[in-house]
Every structure is written in structure tokens, then in C-alpha cells.
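*Asks:* Got a structure here, written out as C-alpha cells. Questions coming.
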Amino acid sequence: MIRAATPVSQLPLSQRTDWTLLCLWFALMSIGLVMVASASVSFAALTYDDAWFFAKRHAIYMLMGIVLAMFVVCVPMSVWQRYSGHFLLITLFLLVIVLIPGIGKKVNGSQRWFSLGVISIQVSEIAKFCAVVFFASFFARRYQELHFGWQGFLKPLLVVGIFVALLLLEPDFGSSVVLCATVFAMMFIAGVRILHFLLLIIIGVGGLAAVAILSPYRMQRLITFLDPWADQFNTGYQLTQSLIGFGRGEWFGLGLGNSLQKLFFLPEAHTDFIFAIIAEEFGLIGAVLLVALFAALIIRIFKLAKQNLAAGKMFPALATFGIAILFSFQVFINMGVSSGLLPTKGLTLPFISYGGSSLLICCVLMAFVMRVQWELAGFTPAIPDLPKTPRTPANIARTPIVEAAS
């Protein structure tokens, strides 16, 4: 016998909120505020005559992110799913007009930002969120089409191709890699055929490799990454300074505020390479604890996605899975670049690095996850919204993950 659905508003707050998830989110944001203040103090004092310039702005972005999250968490999943196509069109429009001279703002050779007075918005960050929402809705609605024939496989591939092409024109290679990895992982969980998925991986890896090889400066980064000490005062300078920071940190670090690399030795110390400053000031133990916090957050989101999948909630399951993958790849790439594991690429560390657009979108993503958790805790749907796949000889050999969960 199925019980009647209970509205979320009638449940106690303690029962409809994942406090562990919430605490992990705010713990990471708090660490980010402290480390941005520590890593940027010298640069801000010299450049803006205010040692706390970046710390103040980061705190303002945090407050804006929390306010924005409060609005996002009030929007039902049905609304996000219904208007996912509109979000896609708006994002593509923004990705196009940001490339127009005079409209988009160019920084360090990349035209990725809209200037809105005192703040700048990076379009690629908006694109990540909208892509997750759109593809989660698409795969949930076109479940059977994704499994049978090439049409359901090629449609999302075409959309991803348009996204990547526009991002590369900015250029933003790092966001392109993260976006492709996220969408491909979502397709796999949605149950795309193994043959199609392998073809997808070959196309994606081949395309990104071609872009890297055909761009001289990207190729130079790959060469430098293999041996940064061979050109430590030119192309390998940033990575070698980052590695020096890791080495100076040893086990327990030099202490909060005592980093030497942030004193104009390591460029982008408060943005892309803030993890090196964390390792220098808090050592291996501090770096491992930060990795553990991210791992706990991501595992928690994966667990929520699995619970939604088991409940037959296809859209929120795919969306939360996509968000977990998005965070995973961005954390891995940022930390990998700082530690010399990956070629240098400009990607922020979620919740930690200075960057208004990144922080705002990360808050939006977490608010979206919290809304999914609220609805899962507060409602027991009588009929799952997961479409059923007919049992035919063509698909008996491989039972899709989502069908097995239902």
C-alpha cells in the first residue's frame, strides 16, 4: 500500500535537510575565504593599496552566492526540467555575444567575461550549470531514443559540439574538457550503448588532443609540463614555483599567513594556484584534509544521485550525478595542475579560489543539490517517472543501469 505524498513544507527542517552536505559546503567556503585573504594580501596591498581587497570582494561574492542559493533552492525540480531548453538557448546566446568585441571583456588574451559594473560574469561558468540541467532533462525524456538507433546518440553530441566550439573560441580549453567529461559521464549513466560510448570517448579525446596539438601555446604547455625545470624561468616558471611551495610545506606547513611563494613568486596565487599556497602553509596534512573534505562532499552527492535513481527520479538523479562529476573533474584538474600531475590549465578550485562567477555558480549547484535532497526526503511518488524499456533481444545482452534500478 502506497502512502500519500507529504508536502515538504509540512516536514520538520531537520528531516528534509542533509546537514552533513550543508556543513561540508559551508566548511569549504569558509576555508576559501581564509585562504583567499592569506594568498592575496601582498599582491592586493601593492596593486590596490588595500591588503584585504580580494578578501572583501570574495566575502561579498559569498554573501551573493548564499542569497542566490536561497532563491534556487525554492525552485521545484519540475520547473528546472520544464524550462531546461530555454536555459540552453540563453546560454548559447551568451556564449555567442561574449565573443563580440566591445561586449565581451578580454582578460589575459581570453574573452570570457561580461562586465556588469563592479563585477564581471564568466559565461563558461553559467554554461556548466545550464548544460547539466539541459542534458539531465534530455536524457530523462529521451531515454528509449538514447538506447535505440543513432539519432538519440547524435543529438546530444551535436549540442556538446556547439558548446565546445564556442568555448574554444574564447578560448577556454579547461571548461571544454570539464563539460565534455561531465556530459559523457551522464550519457553513460543514462545507459548509452557501449559501442556508442566507446565511439564517444574516441571522438572526445581525439578532438581535444587535436585542439591541443594544433595550438602552439597549448602544445608548449604540454612540453613544459613534462619537464618544467628545463625552462624554469620562462614557460615552466609558474609550475616550478608551485612545486617549490609544495616542497616548503613539508608535513605540517609554515603556518597560516607564512607562505613565501605568495610574495610575488607564484603568479595567480589566490586563483588557479591557491592549492599550492594551502600546501605551503598547512603542509601535506592540510592538503590531504582539504582533499578529504572535497571527497566527502562529492561522495555525498553521488549517494544522493543513487538514491534518486533507485526511487525512479531520473531527472534529479542525472542532474546530481552530473554535478558530482563536474566538481570531481574541476577539483582533480586544479589540484593536478598545481602539483605538476597535469599540464597547466586555468581552472578554479571550487569554493576555494578567488573568482566571483565560479563561487556563485558553485553555490547555485549546491542549492540545486539541496533541493533534490529536499524533494527526495519529502515526497513518495506513487508512480515513478522513469520510462520502462521493453525487453527485446536487442537489449537483453546489456540491461541499462537506470532500468535495473527501477
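Chain lettering (A, B, ...) mirrors the order of the C-alpha cells, residue numbering begins at 1 for each chain separately, and ligand numbering begins at 1 in order of display.
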Sorted by chain and rising residue number, which residues of stretch 299-396 of chain A lie within 12 Å of stretch 116-134 of chain A, and what are their closest atom pairs and distances in Å to one decimal, counting only C-alpha atoms, as JSON lines?
*Replies:*
```
{"residue": "A:Phe315", "atom": "CA", "partner": "A:Val133", "partner_atom": "CA", "distance": 8.5}
{"residue": "A:Pro316", "atom": "CA", "partner": "A:Val133", "partner_atom": "CA", "distance": 9.0}
{"residue": "A:Ala317", "atom": "CA", "partner": "A:Val133", "partner_atom": "CA", "distance": 11.0}
{"residue": "A:Leu318", "atom": "CA", "partner": "A:Val132", "partner_atom": "CA", "distance": 8.4}
{"residue": "A:Ala319", "atom": "CA", "partner": "A:Val132", "partner_atom": "CA", "distance": 5.9}
{"residue": "A:Thr320", "atom": "CA", "partner": "A:Val132", "partner_atom": "CA", "distance": 8.6}
{"residue": "A:Phe321", "atom": "CA", "partner": "A:Val132", "partner_atom": "CA", "distance": 9.1}
{"residue": "A:Gly322", "atom": "CA", "partner": "A:Val132", "partner_atom": "CA", "distance": 5.9}
{"residue": "A:Ile323", "atom": "CA", "partner": "A:Val132", "partner_atom": "CA", "distance": 7.0}
{"residue": "A:Ala324", "atom": "CA", "partner": "A:Val132", "partner_atom": "CA", "distance": 10.4}
{"residue": "A:Ile325", "atom": "CA", "partner": "A:Val132", "partner_atom": "CA", "distance": 10.1}
{"residue": "A:Leu326", "atom": "CA", "partner": "A:Lys128", "partner_atom": "CA", "distance": 8.1}
{"residue": "A:Phe327", "atom": "CA", "partner": "A:Lys128", "partner_atom": "CA", "distance": 10.6}
{"residue": "A:Gln330", "atom": "CA", "partner": "A:Lys128", "partner_atom": "CA", "distance": 11.2}
{"residue": "A:Leu347", "atom": "CA", "partner": "A:Glu125", "partner_atom": "CA", "distance": 10.5}
{"residue": "A:Thr348", "atom": "CA", "partner": "A:Glu125", "partner_atom": "CA", "distance": 10.5}
{"residue": "A:Pro350", "atom": "CA", "partner": "A:Glu125", "partner_atom": "CA", "distance": 11.2}
{"residue": "A:Gly355", "atom": "CA", "partner": "A:Gln122", "partner_atom": "CA", "distance": 9.2}
{"residue": "A:Gly356", "atom": "CA", "partner": "A:Ile121", "partner_atom": "CA", "distance": 7.4}
{"residue": "A:Ser357", "atom": "CA", "partner": "A:Ile121", "partner_atom": "CA", "distance": 5.4}
{"residue": "A:Ser358", "atom": "CA", "partner": "A:Glu125", "partner_atom": "CA", "distance": 6.1}
{"residue": "A:Leu359", "atom": "CA", "partner": "A:Glu125", "partner_atom": "CA", "distance": 9.4}
{"residue": "A:Leu360", "atom": "CA", "partner": "A:Glu125", "partner_atom": "CA", "distance": 8.9}
{"residue": "A:Ile361", "atom": "CA", "partner": "A:Glu125", "partner_atom": "CA", "distance": 6.4}
{"residue": "A:Cys362", "atom": "CA", "partner": "A:Phe129", "partner_atom": "CA", "distance": 8.8}
{"residue": "A:Cys363", "atom": "CA", "partner": "A:Phe129", "partner_atom": "CA", "distance": 10.7}
{"residue": "A:Val364", "atom": "CA", "partner": "A:Phe129", "partner_atom": "CA", "distance": 8.1}
{"residue": "A:Leu365", "atom": "CA", "partner": "A:Phe129", "partner_atom": "CA", "distance": 6.9}
{"residue": "A:Met366", "atom": "CA", "partner": "A:Phe129", "partner_atom": "CA", "distance": 10.7}
{"residue": "A:Ala367", "atom": "CA", "partner": "A:Phe129", "partner_atom": "CA", "distance": 11.6}
{"residue": "A:Phe368", "atom": "CA", "partner": "A:Phe129", "partner_atom": "CA", "distance": 9.8}
{"residue": "A:Val369", "atom": "CA", "partner": "A:Val133", "partner_atom": "CA", "distance": 11.5}
```
*Asks:* Do you know which residues are at most 10 Å from stretch 268-279 of chain A counting only C-alpha atoms, after dropping those on the same chain fewer than 6 positions away, and could you put them as a ChimeraX atom specification?
*Replies:* /A:31-32,35-41,43,54-55,238-239,241-262,285-288,290,334-339,344-349,352-355
*Asks:* Within 8 Å of A:Met62, counting only C-alpha atoms, which residues show up once you throw out same-chain ones fewer than 2 positions away? Write them as a list in words, please.
*Replies:* Met29, His58, Ala59, Ile60, Met64, Gly65, Ile66, Leu359 and Leu360 of chain A
*Asks:* Would you mind writing down, as number ranges by chain, each residue of stretch 113-342 of chain A that DSSP on the backbone assigns to strand (DSSP E or B)?
*Replies:* A: 113-116, 119-122
*Asks:* Any chance you could export the current selection's N, CA and C atoms as a CSV table (one decimal), in the first residue's frame?
*Replies:*
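Written file, part-v1.csv:
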```csv
chain,number,residue,atom,x,y,z
A,113,TRP,N,34.2,37.1,-20.4
A,113,TRP,CA,33.5,37.8,-19.3
A,113,TRP,C,32.6,38.9,-19.9
A,114,PHE,N,31.5,39.1,-19.1
A,114,PHE,CA,30.6,40.3,-19.3
A,114,PHE,C,30.9,41.2,-18.1
A,115,SER,N,31.2,42.5,-18.4
A,115,SER,CA,31.4,43.4,-17.3
A,115,SER,C,30.1,44.1,-16.9
A,116,LEU,N,29.7,43.9,-15.6
A,116,LEU,CA,28.5,44.4,-15.1
A,116,LEU,C,28.8,45.4,-14.0
A,119,ILE,N,31.2,44.1,-11.0
A,119,ILE,CA,31.5,42.7,-11.1
A,119,ILE,C,31.6,42.3,-12.6
A,120,SER,N,32.2,41.1,-12.8
A,120,SER,CA,32.3,40.5,-14.1
A,120,SER,C,31.8,39.1,-14.0
A,121,ILE,N,31.0,38.7,-15.0
A,121,ILE,CA,30.4,37.3,-15.0
A,121,ILE,C,31.1,36.5,-16.1
A,122,GLN,N,31.6,35.3,-15.8
A,122,GLN,CA,32.2,34.4,-16.8
A,122,GLN,C,31.2,33.5,-17.3
```
*Asks:* From the set A:Phe53, A:Gly174, A:Leu167, A:Tyr83, which residue has the shortest atom-to-atom contact distance to A:Leu99, counting only C-alpha atoms?
*Replies:* A:Leu167
*Asks:* Would you mind telling me which residue in A:Leu21, A:Ile298, A:Ala305, A:Leu200 lies nearest to A:Val372 when using only C-alpha atoms?
*Replies:*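 Comparing A:Leu21, A:Ile298, A:Ala305, A:Leu200 against A:Val372, the winner is A:Ala305.
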